[in-house]
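Have a look at entry18.cif; it's mmCIF, C-alpha atoms:
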```cif
data_run
loop_
_atom_site.group_PDB
_atom_site.id
_atom_site.type_symbol
_atom_site.label_atom_id
_atom_site.label_comp_id
_atom_site.auth_asym_id
_atom_site.auth_seq_id
_atom_site.Cartn_x
_atom_site.Cartn_y
_atom_site.Cartn_z
ATOM 1 C CA MET A 1 -19.530 19.248 -15.485
ATOM 2 C CA ASN A 2 -21.452 16.574 -13.592
ATOM 3 C CA LEU A 3 -21.981 12.818 -13.610
ATOM 4 C CA ARG A 4 -25.224 13.067 -15.591
ATOM 5 C CA GLN A 5 -23.492 14.858 -18.432
ATOM 6 C CA MET A 6 -20.685 12.284 -18.471
ATOM 7 C CA LEU A 7 -23.248 9.462 -18.428
ATOM 8 C CA TYR A 8 -25.148 10.919 -21.397
ATOM 9 C CA PHE A 9 -21.914 11.439 -23.329
ATOM 10 C CA CYS A 10 -20.711 7.861 -22.719
ATOM 11 C CA GLU A 11 -24.117 6.439 -23.645
ATOM 12 C CA VAL A 12 -24.071 8.312 -26.952
ATOM 13 C CA VAL A 13 -20.637 6.853 -27.710
ATOM 14 C CA ASP A 14 -21.604 3.328 -26.625
ATOM 15 C CA ALA A 15 -24.974 3.348 -28.390
ATOM 16 C CA GLY A 16 -23.589 4.867 -31.579
ATOM 17 C CA GLY A 17 -25.769 7.992 -31.579
ATOM 18 C CA GLY A 18 -28.024 10.311 -29.624
ATOM 19 C CA SER A 19 -31.341 8.691 -30.586
ATOM 20 C CA ALA A 20 -30.195 5.208 -29.593
ATOM 21 C CA ALA A 21 -28.773 6.551 -26.333
ATOM 22 C CA ALA A 22 -32.060 8.322 -25.568
ATOM 23 C CA LYS A 23 -33.966 5.042 -25.979
ATOM 24 C CA ARG A 24 -31.572 3.233 -23.644
ATOM 25 C CA LEU A 25 -31.901 5.966 -21.041
ATOM 26 C CA PHE A 26 -35.681 6.399 -21.517
ATOM 27 C CA ILE A 27 -35.364 10.160 -22.034
ATOM 28 C CA ALA A 28 -35.981 12.588 -24.884
ATOM 29 C CA PRO A 29 -33.164 13.101 -27.435
ATOM 30 C CA THR A 30 -33.387 16.848 -26.794
ATOM 31 C CA ALA A 31 -32.416 16.273 -23.150
ATOM 32 C CA ILE A 32 -29.238 14.518 -24.250
ATOM 33 C CA SER A 33 -28.409 17.245 -26.756
ATOM 34 C CA ALA A 34 -28.879 19.950 -24.121
ATOM 35 C CA GLN A 35 -26.613 18.194 -21.592
ATOM 36 C CA LEU A 36 -23.933 17.509 -24.182
ATOM 37 C CA ALA A 37 -23.944 21.160 -25.205
ATOM 38 C CA LEU A 38 -23.447 22.206 -21.576
ATOM 39 C CA LEU A 39 -20.639 19.666 -21.173
ATOM 40 C CA GLU A 40 -18.838 20.890 -24.285
ATOM 41 C CA GLN A 41 -19.269 24.484 -23.161
ATOM 42 C CA ASN A 42 -17.724 23.629 -19.811
ATOM 43 C CA LEU A 43 -14.808 21.754 -21.397
ATOM 44 C CA GLY A 44 -14.187 24.464 -23.973
ATOM 45 C CA GLY A 45 -14.338 22.256 -27.063
ATOM 46 C CA GLU A 46 -16.473 19.866 -29.087
ATOM 47 C CA LEU A 47 -16.560 16.173 -28.185
ATOM 48 C CA PHE A 48 -18.129 15.057 -31.473
ATOM 49 C CA ASP A 49 -17.462 15.929 -35.084
ATOM 50 C CA ARG A 50 -21.040 16.628 -36.186
ATOM 51 C CA THR A 51 -20.102 16.997 -39.860
ATOM 52 C CA THR A 52 -19.754 13.222 -40.204
ATOM 53 C CA ARG A 53 -22.459 10.553 -40.219
ATOM 54 C CA PRO A 54 -22.369 8.766 -37.925
ATOM 55 C CA MET A 55 -20.747 11.313 -35.624
ATOM 56 C CA GLN A 56 -17.108 10.652 -34.768
ATOM 57 C CA LEU A 57 -15.249 11.597 -31.627
ATOM 58 C CA THR A 58 -12.924 14.573 -31.848
ATOM 59 C CA SER A 59 -9.461 14.422 -30.269
ATOM 60 C CA LEU A 60 -11.011 15.927 -27.138
ATOM 61 C CA GLY A 61 -13.734 13.275 -27.193
ATOM 62 C CA LYS A 62 -11.191 10.466 -27.560
ATOM 63 C CA PHE A 63 -9.274 11.850 -24.583
ATOM 64 C CA PHE A 64 -12.353 12.400 -22.474
ATOM 65 C CA TYR A 65 -14.261 9.150 -23.103
ATOM 66 C CA PRO A 66 -12.105 6.543 -21.269
ATOM 67 C CA ARG A 67 -11.579 8.869 -18.324
ATOM 68 C CA ALA A 68 -15.291 9.604 -18.062
ATOM 69 C CA LYS A 69 -16.053 5.864 -18.163
ATOM 70 C CA GLU A 70 -13.575 5.220 -15.365
ATOM 71 C CA LEU A 71 -15.098 7.997 -13.253
ATOM 72 C CA LEU A 72 -18.620 6.629 -13.786
ATOM 73 C CA ASN A 73 -17.475 3.140 -12.785
ATOM 74 C CA GLN A 74 -15.866 4.519 -9.641
ATOM 75 C CA ALA A 75 -19.027 6.451 -8.782
ATOM 76 C CA SER A 76 -21.108 3.310 -9.251
ATOM 77 C CA ARG A 77 -18.819 1.284 -6.985
ATOM 78 C CA LEU A 78 -18.854 4.044 -4.383
ATOM 79 C CA GLU A 79 -22.651 4.112 -4.370
ATOM 80 C CA GLN A 80 -22.913 0.329 -4.118
ATOM 81 C CA GLU A 81 -20.355 -0.003 -1.327
ATOM 82 C CA SER A 82 -21.851 2.928 0.595
ATOM 83 C CA LYS A 83 -25.279 1.317 0.458
ATOM 84 C CA GLN A 84 -23.784 -1.928 1.781
ATOM 85 C CA VAL A 85 -22.156 -0.098 4.673
ATOM 86 C CA ALA A 86 -25.385 1.772 5.441
ATOM 87 C CA SER A 87 -27.442 -1.425 5.445
ATOM 88 C CA GLY A 88 -24.884 -3.405 7.437
ATOM 89 C CA SER A 89 -24.502 -5.954 4.647
ATOM 90 C CA GLY A 90 -20.971 -4.938 3.684
ATOM 91 C CA GLY A 91 -18.138 -2.611 4.488
ATOM 92 C CA TRP A 92 -14.926 -0.922 3.470
ATOM 93 C CA LEU A 93 -11.607 -1.304 5.247
ATOM 94 C CA GLY A 94 -8.560 0.753 4.365
ATOM 95 C CA ILE A 95 -5.235 -0.896 5.199
ATOM 96 C CA GLY A 96 -1.949 1.006 5.083
ATOM 97 C CA PHE A 97 1.016 -1.360 5.093
ATOM 98 C CA ILE A 98 4.778 -1.378 4.851
ATOM 99 C CA ARG A 99 6.328 -3.379 2.042
ATOM 100 C CA SER A 100 8.145 -5.828 4.321
ATOM 101 C CA THR A 101 4.812 -7.351 5.381
ATOM 102 C CA LEU A 102 4.282 -8.550 1.810
ATOM 103 C CA PHE A 103 7.095 -11.035 2.492
ATOM 104 C CA SER A 104 5.462 -12.477 5.588
ATOM 105 C CA LEU A 105 2.112 -11.773 7.238
ATOM 106 C CA LEU A 106 -0.029 -9.791 4.867
ATOM 107 C CA PRO A 107 -0.786 -12.168 1.950
ATOM 108 C CA SER A 108 -2.150 -15.000 4.117
ATOM 109 C CA VAL A 109 -4.102 -12.616 6.380
ATOM 110 C CA ILE A 110 -5.737 -10.925 3.385
ATOM 111 C CA LYS A 111 -6.658 -14.295 1.904
ATOM 112 C CA ASN A 112 -8.217 -15.541 5.170
ATOM 113 C CA TYR A 113 -9.966 -12.240 5.816
ATOM 114 C CA ARG A 114 -11.591 -12.257 2.389
ATOM 115 C CA VAL A 115 -12.836 -15.798 2.984
ATOM 116 C CA GLN A 116 -14.393 -14.789 6.312
ATOM 117 C CA HIS A 117 -15.651 -11.390 5.125
ATOM 118 C CA PRO A 118 -16.362 -11.626 1.374
ATOM 119 C CA GLU A 119 -18.701 -8.618 1.622
ATOM 120 C CA VAL A 120 -15.924 -6.288 2.843
ATOM 121 C CA HIS A 121 -13.914 -4.316 0.301
ATOM 122 C CA LEU A 122 -10.225 -4.138 1.275
ATOM 123 C CA ASP A 123 -8.427 -1.028 0.061
ATOM 124 C CA LEU A 124 -4.692 -1.771 0.363
ATOM 125 C CA VAL A 125 -2.207 1.097 0.249
ATOM 126 C CA GLU A 126 1.565 0.792 0.633
ATOM 127 C CA ILE A 127 2.729 3.535 3.021
ATOM 128 C CA LEU A 128 5.898 3.959 5.072
ATOM 129 C CA SER A 129 5.303 3.862 8.832
ATOM 130 C CA GLU A 130 6.026 7.567 9.260
ATOM 131 C CA TYR A 131 3.133 8.540 6.952
ATOM 132 C CA GLN A 132 0.452 6.222 8.272
ATOM 133 C CA GLU A 133 -0.824 8.345 11.159
ATOM 134 C CA GLU A 134 -1.376 11.242 8.774
ATOM 135 C CA ARG A 135 -3.478 8.994 6.525
ATOM 136 C CA LEU A 136 -5.411 7.719 9.547
ATOM 137 C CA ARG A 137 -6.288 11.274 10.594
ATOM 138 C CA GLN A 138 -7.475 11.960 7.054
ATOM 139 C CA HIS A 139 -9.638 8.780 7.215
ATOM 140 C CA ARG A 140 -7.854 7.516 4.121
ATOM 141 C CA ILE A 141 -7.072 4.267 5.955
ATOM 142 C CA ASP A 142 -8.511 2.506 9.025
ATOM 143 C CA VAL A 143 -5.497 0.434 10.048
ATOM 144 C CA GLY A 144 -1.814 1.153 9.684
ATOM 145 C CA ILE A 145 0.669 -1.720 9.781
ATOM 146 C CA ALA A 146 3.884 -0.043 10.863
ATOM 147 C CA ARG A 147 7.370 -1.164 11.887
ATOM 148 C CA PHE A 148 9.551 0.627 14.424
ATOM 149 C CA ILE A 149 12.959 0.088 16.000
ATOM 150 C CA GLY A 150 13.018 0.203 19.795
ATOM 151 C CA MET A 151 10.991 2.942 21.456
ATOM 152 C CA PHE A 152 8.782 5.020 19.188
ATOM 153 C CA GLU A 153 6.584 8.076 19.637
ATOM 154 C CA ARG A 154 2.976 7.291 20.514
ATOM 155 C CA HIS A 155 0.531 10.070 19.686
ATOM 156 C CA ALA A 156 -2.421 10.751 21.971
ATOM 157 C CA ASP A 157 -5.019 10.393 19.214
ATOM 158 C CA MET A 158 -3.817 6.942 18.135
ATOM 159 C CA ASP A 159 -3.985 3.420 19.532
ATOM 160 C CA TYR A 160 -1.046 1.053 19.086
ATOM 161 C CA GLU A 161 -1.257 -2.734 19.299
ATOM 162 C CA VAL A 162 1.860 -4.852 19.016
ATOM 163 C CA ILE A 163 1.561 -7.558 16.378
ATOM 164 C CA ILE A 164 4.979 -9.104 16.877
ATOM 165 C CA ASN A 165 8.418 -8.344 18.267
ATOM 166 C CA ASP A 166 10.699 -9.147 15.369
ATOM 167 C CA PRO A 167 14.473 -9.596 15.898
ATOM 168 C CA PHE A 168 16.970 -8.490 13.285
ATOM 169 C CA MET A 169 18.772 -10.903 10.965
ATOM 170 C CA VAL A 170 21.545 -10.222 8.492
ATOM 171 C CA ALA A 171 20.841 -10.688 4.789
ATOM 172 C CA LEU A 172 23.881 -11.851 2.787
ATOM 173 C CA PRO A 173 24.495 -12.973 -0.798
ATOM 174 C CA ILE A 174 24.145 -16.752 -0.929
ATOM 175 C CA ASP A 175 27.727 -17.198 -2.162
ATOM 176 C CA HIS A 176 29.313 -14.929 0.463
ATOM 177 C CA PRO A 177 31.888 -16.760 2.663
ATOM 178 C CA LEU A 178 30.146 -15.605 5.861
ATOM 179 C CA ALA A 179 26.835 -17.038 4.621
ATOM 180 C CA LYS A 180 28.088 -20.536 5.473
ATOM 181 C CA GLN A 181 28.187 -19.734 9.200
ATOM 182 C CA ASP A 182 25.368 -20.398 11.669
ATOM 183 C CA ILE A 183 25.652 -16.971 13.323
ATOM 184 C CA PHE A 184 26.866 -13.680 11.922
ATOM 185 C CA PRO A 185 29.219 -11.734 14.251
ATOM 186 C CA ILE A 186 28.159 -8.092 14.432
ATOM 187 C CA ARG A 187 31.729 -6.851 13.886
ATOM 188 C CA ALA A 188 31.775 -8.546 10.488
ATOM 189 C CA PHE A 189 29.769 -5.576 9.205
ATOM 190 C CA ASN A 190 33.109 -3.761 9.130
ATOM 191 C CA GLN A 191 34.169 -6.153 6.357
ATOM 192 C CA ILE A 192 31.201 -5.997 3.964
ATOM 193 C CA PRO A 193 29.498 -3.157 2.073
ATOM 194 C CA PHE A 194 26.270 -2.130 3.799
ATOM 195 C CA ILE A 195 22.980 -1.483 1.978
ATOM 196 C CA LEU A 196 20.803 1.073 3.768
ATOM 197 C CA TYR A 197 17.026 1.497 3.418
ATOM 198 C CA PRO A 198 14.483 3.060 3.180
ATOM 199 C CA LYS A 199 15.635 6.163 1.380
ATOM 200 C CA ASP A 200 13.147 8.675 2.765
ATOM 201 C CA ALA A 201 13.756 11.919 4.647
ATOM 202 C CA ARG A 202 11.035 11.200 7.227
ATOM 203 C CA SER A 203 12.150 7.679 8.082
ATOM 204 C CA PRO A 204 14.768 7.245 10.853
ATOM 205 C CA PHE A 205 14.814 3.451 10.355
ATOM 206 C CA GLY A 206 18.160 3.188 8.589
ATOM 207 C CA GLN A 207 19.887 5.766 10.780
ATOM 208 C CA LYS A 208 18.771 3.948 13.925
ATOM 209 C CA ILE A 209 20.436 0.803 12.597
ATOM 210 C CA LEU A 210 23.688 2.653 11.896
ATOM 211 C CA SER A 211 23.599 4.360 15.310
ATOM 212 C CA HIS A 212 23.283 1.022 17.094
ATOM 213 C CA LEU A 213 26.109 -0.486 15.065
ATOM 214 C CA GLU A 214 28.302 2.478 15.969
ATOM 215 C CA GLU A 215 27.470 1.950 19.652
ATOM 216 C CA LYS A 216 28.846 -1.559 19.195
ATOM 217 C CA GLY A 217 32.028 -0.205 17.667
ATOM 218 C CA VAL A 218 30.969 -1.084 14.134
ATOM 219 C CA ARG A 219 31.150 1.467 11.337
ATOM 220 C CA PRO A 220 30.041 -0.175 8.112
ATOM 221 C CA SER A 221 30.696 1.364 4.733
ATOM 222 C CA VAL A 222 27.298 2.312 3.244
ATOM 223 C CA THR A 223 27.615 1.723 -0.480
ATOM 224 C CA HIS A 224 23.949 1.876 -1.526
ATOM 225 C CA ASP A 225 20.816 3.670 -0.317
ATOM 226 C CA ALA A 226 17.780 1.669 -1.401
ATOM 227 C CA ILE A 227 14.338 3.224 -1.666
ATOM 228 C CA GLU A 228 12.687 0.248 0.022
ATOM 229 C CA ILE A 229 13.425 -3.232 1.356
ATOM 230 C CA HIS A 230 12.566 -5.067 -1.875
ATOM 231 C CA THR A 231 15.276 -3.103 -3.685
ATOM 232 C CA ALA A 232 17.722 -3.591 -0.811
ATOM 233 C CA LEU A 233 17.329 -7.373 -0.932
ATOM 234 C CA ALA A 234 17.695 -7.360 -4.718
ATOM 235 C CA LEU A 235 21.024 -5.560 -4.287
ATOM 236 C CA VAL A 236 22.065 -8.134 -1.682
ATOM 237 C CA GLY A 237 21.109 -10.939 -4.062
ATOM 238 C CA ALA A 238 23.231 -9.283 -6.748
ATOM 239 C CA GLY A 239 26.248 -9.568 -4.442
ATOM 240 C CA LEU A 240 26.606 -5.850 -3.738
ATOM 241 C CA GLY A 241 26.652 -6.131 0.058
ATOM 242 C CA GLY A 242 24.619 -7.051 3.109
ATOM 243 C CA THR A 243 21.924 -5.475 5.230
ATOM 244 C CA LEU A 244 19.781 -6.014 8.314
ATOM 245 C CA VAL A 245 16.138 -7.075 8.052
ATOM 246 C CA SER A 246 13.428 -8.224 10.432
ATOM 247 C CA GLY A 247 13.400 -11.971 11.039
ATOM 248 C CA SER A 248 9.860 -12.559 9.789
ATOM 249 C CA ILE A 249 10.930 -11.423 6.324
ATOM 250 C CA ALA A 250 13.280 -14.397 6.031
ATOM 251 C CA LEU A 251 10.403 -16.906 6.101
ATOM 252 C CA ASN A 252 9.248 -16.400 2.507
ATOM 253 C CA ASN A 253 11.947 -14.669 0.560
ATOM 254 C CA ARG A 254 14.622 -14.739 -2.106
ATOM 255 C CA ARG A 255 16.646 -17.827 -2.955
ATOM 256 C CA ASP A 256 19.782 -15.817 -3.707
ATOM 257 C CA VAL A 257 19.953 -14.393 -0.163
ATOM 258 C CA VAL A 258 20.878 -16.086 3.122
ATOM 259 C CA PHE A 259 19.428 -14.863 6.430
ATOM 260 C CA LEU A 260 21.386 -15.415 9.640
ATOM 261 C CA PRO A 261 20.921 -14.417 13.292
ATOM 262 C CA VAL A 262 23.353 -11.707 14.423
ATOM 263 C CA ASP A 263 25.537 -12.191 17.469
ATOM 264 C CA GLY A 264 25.852 -9.026 19.539
ATOM 265 C CA ILE A 265 22.935 -6.991 18.216
ATOM 266 C CA GLU A 266 20.675 -5.641 20.957
ATOM 267 C CA ILE A 267 17.907 -3.908 19.019
ATOM 268 C CA SER A 268 14.884 -5.415 17.352
ATOM 269 C CA THR A 269 11.886 -4.256 15.390
ATOM 270 C CA THR A 270 8.279 -4.139 16.504
ATOM 271 C CA LEU A 271 5.429 -4.611 14.056
ATOM 272 C CA VAL A 272 2.510 -2.496 15.230
ATOM 273 C CA ALA A 273 -1.128 -2.001 14.216
ATOM 274 C CA VAL A 274 -2.086 1.674 14.447
ATOM 275 C CA THR A 275 -5.719 2.850 14.623
ATOM 276 C CA ARG A 276 -7.617 5.997 15.552
ATOM 277 C CA LYS A 277 -8.180 6.201 19.309
ATOM 278 C CA GLY A 278 -11.714 5.731 20.592
ATOM 279 C CA GLU A 279 -13.154 4.578 17.280
ATOM 280 C CA GLU A 280 -15.076 1.313 17.349
ATOM 281 C CA ASN A 281 -14.647 -0.671 14.162
ATOM 282 C CA PRO A 282 -15.342 -4.428 14.273
ATOM 283 C CA LEU A 283 -13.883 -4.842 10.776
ATOM 284 C CA SER A 284 -10.482 -3.452 11.746
ATOM 285 C CA ASP A 285 -10.534 -5.225 15.130
ATOM 286 C CA ASN A 286 -11.004 -8.556 13.395
ATOM 287 C CA PHE A 287 -8.279 -7.798 10.855
ATOM 288 C CA ILE A 288 -5.800 -6.945 13.636
ATOM 289 C CA SER A 289 -6.723 -10.111 15.565
ATOM 290 C CA MET A 290 -5.975 -12.149 12.457
ATOM 291 C CA LEU A 291 -2.633 -10.369 12.034
ATOM 292 C CA ILE A 292 -1.597 -11.199 15.601
ATOM 293 C CA SER A 293 -2.787 -14.801 15.375
ATOM 294 C CA ASN A 294 -1.021 -15.333 12.058
ATOM 295 C CA ALA A 295 2.214 -13.776 13.374
ATOM 296 C CA GLU A 296 2.229 -16.099 16.389
ATOM 297 C CA GLU A 297 1.718 -19.142 14.171
ATOM 298 C CA GLU A 298 4.461 -18.219 11.728
ATOM 299 C CA MET A 299 7.053 -17.402 14.383
ATOM 300 C CA HIS A 300 6.566 -20.649 16.326
#
```
Before anything else, please render the file you have as C-alpha cells.
Amino acid sequence: MNLRQMLYFCEVVDAGGGSAAAKRLFIAPTAISAQLALLEQNLGGELFDRTTRPMQLTSLGKFFYPRAKELLNQASRLEQESKQVASGSGGWLGIGFIRSTLFSLLPSVIKNYRVQHPEVHLDLVEILSEYQEERLRQHRIDVGIARFIGMFERHADMDYEVIINDPFMVALPIDHPLAKQDIFPIRAFNQIPFILYPKDARSPFGQKILSHLEEKGVRPSVTHDAIEIHTALALVGAGLGGTLVSGSIALNNRRDVVFLPVDGIEISTTLVAVTRKGEENPLSDNFISMLISNAEEEMH
C-alpha cells in the first residue's frame, strides 16, 4: 500500500467513478484500475461493490476512505511544511508543555509568537516534565517547558534555562474559613484534606511536597490523588480539600478557589525550558526568550 494507491482510491470516490477520476488526474483509466486492484489485494478485500452502477463502497471501503483522506492530507501538509523549512520561508517548532502553563504563560506567548512568526507551525504537546527529555532525544519536540521542585537532575545532553522561580501558594475552596486570611500557616495542612497531584509513577512532584511538609512537622491526610493539576483544582473548588500550586497559576484561574501565600514553606518550583545541547535553533531560542520576558512581566 502506498500514497499513490490511496490517492487514486479517494479520487474515484470523490469523482464518482474511475473514468471521471482518470480525467481529473490526467492518467489512463487502466492505470487507476491496476492500482486499485493492487490496493485491494494488499488489504485483503474489495473496496467497491462492482455489481452496482454506480459503484458503491463496501464496508471495507467505508472504513478505509476517511482514514486514507486524513493520511493524504497529513502527507500534503508534511510536504508543504518541509519545503518551507528547506527554503527558509517557514519552519516547524515542537513544544512540550506541562498543563499548569496553560493557566499562566503559554496562551499569551503562543499568541504573540504566531503574530511574529506566522510562517512557523507550532506543534503543541502536553507532556509531564519527566517525559520531556525522552521526547527531545527522539526529536519529537524542540523545547520542553518543565517544572521542578528544588534541585533537579540535569542531563549532559540537555540545556536548561530558567524561565521563572515560582513560589508555592495554597489553593483552598472559596468558602473555607481559612480562605479569609491573608496568609496560610503551614501547620494548618494538618486540619484540611490534602489533594495530591500528578498521579504518575515517574513524577516525584507530589512526594517532594509531602516530604517537605513532613520536615516541617506537618502530616496532611491525602484524600485524593489527581491525575493532573486541572483535576486537583476542580476537586478544591468542589470543597474536597486543599493543595499546593505554583504562584503563577493563581493569576488566571478558577473563581471557586482562593490562592494564599504560605507561611513557613521553604521550597518553591522552577519553570525551566529544556532543549537539546549544542543544537542551534533560532525558532526555539526566540520562543524561550518570549517565555522569559512574559514571565517577568506577569510576576511584576
- Hits from the PyMOL selection byres ((chain A and resi 224-233) around 7), listed as a PyMOL selection string: chain A and resi 100+195-199+222-223+234-237
Which residues come within 7 Å of segment 122-128 of chain A, counting all atoms listed in the file, excluding same-chain residues fewer than 5 positions away, as a compact mmCIF listing (two decimals) with C-alpha atoms, keeping the file's coordinate frame?
```
# COMPACT_ATOMS: atom_id res chain seq x y z
CA TRP A 92 -14.93 -0.92 3.47
CA LEU A 93 -11.61 -1.30 5.25
CA GLY A 94 -8.56 0.75 4.36
CA ILE A 95 -5.24 -0.90 5.20
CA GLY A 96 -1.95 1.01 5.08
CA PHE A 97 1.02 -1.36 5.09
CA ILE A 98 4.78 -1.38 4.85
CA ARG A 99 6.33 -3.38 2.04
```
- Item | Polymer residues at most 10 Å from Lys208 of chain A, all atoms listed in the file, same-chain spacing of 4 or more positions, as number ranges by chain | A: 148-150, 203-204, 212-214, 267
- Task: Would you translate the PyMOL selection byres ((chain A and resi 158-163) around 8) into the concrete set of residues it matches in this file, as a list in words?
- Result: Glu133, Arg154, His155, Ala156, Asp157, Ile164, Asn165, Thr270, Leu271, Val272, Ala273, Val274, Thr275, Arg276, Lys277, Ile288, Leu291, Ile292 and Ala295 of chain A
Go ahead and write the residues just picked, C-alpha atoms, as an mmCIF file, keeping the file's coordinate frame.
```cif
data_model
loop_
_atom_site.group_PDB
_atom_site.id
_atom_site.type_symbol
_atom_site.label_atom_id
_atom_site.label_comp_id
_atom_site.auth_asym_id
_atom_site.auth_seq_id
_atom_site.Cartn_x
_atom_site.Cartn_y
_atom_site.Cartn_z
ATOM 1 C CA GLU A 133 -0.824 8.345 11.159
ATOM 2 C CA ARG A 154 2.976 7.291 20.514
ATOM 3 C CA HIS A 155 0.531 10.070 19.686
ATOM 4 C CA ALA A 156 -2.421 10.751 21.971
ATOM 5 C CA ASP A 157 -5.019 10.393 19.214
ATOM 6 C CA ILE A 164 4.979 -9.104 16.877
ATOM 7 C CA ASN A 165 8.418 -8.344 18.267
ATOM 8 C CA THR A 270 8.279 -4.139 16.504
ATOM 9 C CA LEU A 271 5.429 -4.611 14.056
ATOM 10 C CA VAL A 272 2.510 -2.496 15.230
ATOM 11 C CA ALA A 273 -1.128 -2.001 14.216
ATOM 12 C CA VAL A 274 -2.086 1.674 14.447
ATOM 13 C CA THR A 275 -5.719 2.850 14.623
ATOM 14 C CA ARG A 276 -7.617 5.997 15.552
ATOM 15 C CA LYS A 277 -8.180 6.201 19.309
ATOM 16 C CA ILE A 288 -5.800 -6.945 13.636
ATOM 17 C CA LEU A 291 -2.633 -10.369 12.034
ATOM 18 C CA ILE A 292 -1.597 -11.199 15.601
ATOM 19 C CA ALA A 295 2.214 -13.776 13.374
#
```
- Task: Figure out the distance between atom CA of Leu36 of chain A and atom CA of Phe9 of chain A, please, to one decimal in Å.
- Result: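 One can read the atom CA of Phe9 of chain A to atom CA of Leu36 of chain A distance as 6.5 Å.
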- Message: Can you pull out the residues contacting segment 53-63 of chain A? Cut-off 10 Å, using only C-alpha atoms, and skip same-chain residues under 3 positions away; I want them as a list in words.
- Response: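 Final neighbour list, sorted by chain and number: Phe9, Cys10, Val12, Val13, Gly16, Gly17, Gly18, Glu40, Leu43, Gly44, Gly45, Glu46, Leu47, Phe48, Asp49, Arg50, Pro66, Arg67 and Ala68 of chain A.
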- Result set, the PyMOL selection byres ((chain A and resi 3) around 9) on current file, as a list in words: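 This file, filtered by the PyMOL selection byres ((chain A and resi 3) around 9), leaves Met1, Asn2, Arg4, Gln5, Met6, Leu7, Tyr8, Ala68, Leu71, Leu72 and Ala75 of chain A.
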Output C-alpha atoms of each residue in that selection to a file, as a PDB file, in the coordinates of the input.
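New file result.pdb:
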```pdb
ATOM      1  CA  MET A   1     -19.530  19.248 -15.485  1.00  0.00           C
ATOM      2  CA  ASN A   2     -21.452  16.574 -13.592  1.00  0.00           C
ATOM      3  CA  ARG A   4     -25.224  13.067 -15.591  1.00  0.00           C
ATOM      4  CA  GLN A   5     -23.492  14.858 -18.432  1.00  0.00           C
ATOM      5  CA  MET A   6     -20.685  12.284 -18.471  1.00  0.00           C
ATOM      6  CA  LEU A   7     -23.248   9.462 -18.428  1.00  0.00           C
ATOM      7  CA  TYR A   8     -25.148  10.919 -21.397  1.00  0.00           C
ATOM      8  CA  ALA A  68     -15.291   9.604 -18.062  1.00  0.00           C
ATOM      9  CA  LEU A  71     -15.098   7.997 -13.253  1.00  0.00           C
ATOM     10  CA  LEU A  72     -18.620   6.629 -13.786  1.00  0.00           C
ATOM     11  CA  ALA A  75     -19.027   6.451  -8.782  1.00  0.00           C
TER      12      ALA A  75
END
```
- Message: Could you check the closest approach to Glu266 of chain A for each of A:Ala238, A:Leu78, A:Ile209, A:Ile249 and tell me which residue wins, using all atoms listed in the file?
- Response: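 Checking each of A:Ala238, A:Leu78, A:Ile209, A:Ile249 against Glu266 of chain A, counting all atoms listed in the file, the winner is A:Ile209.
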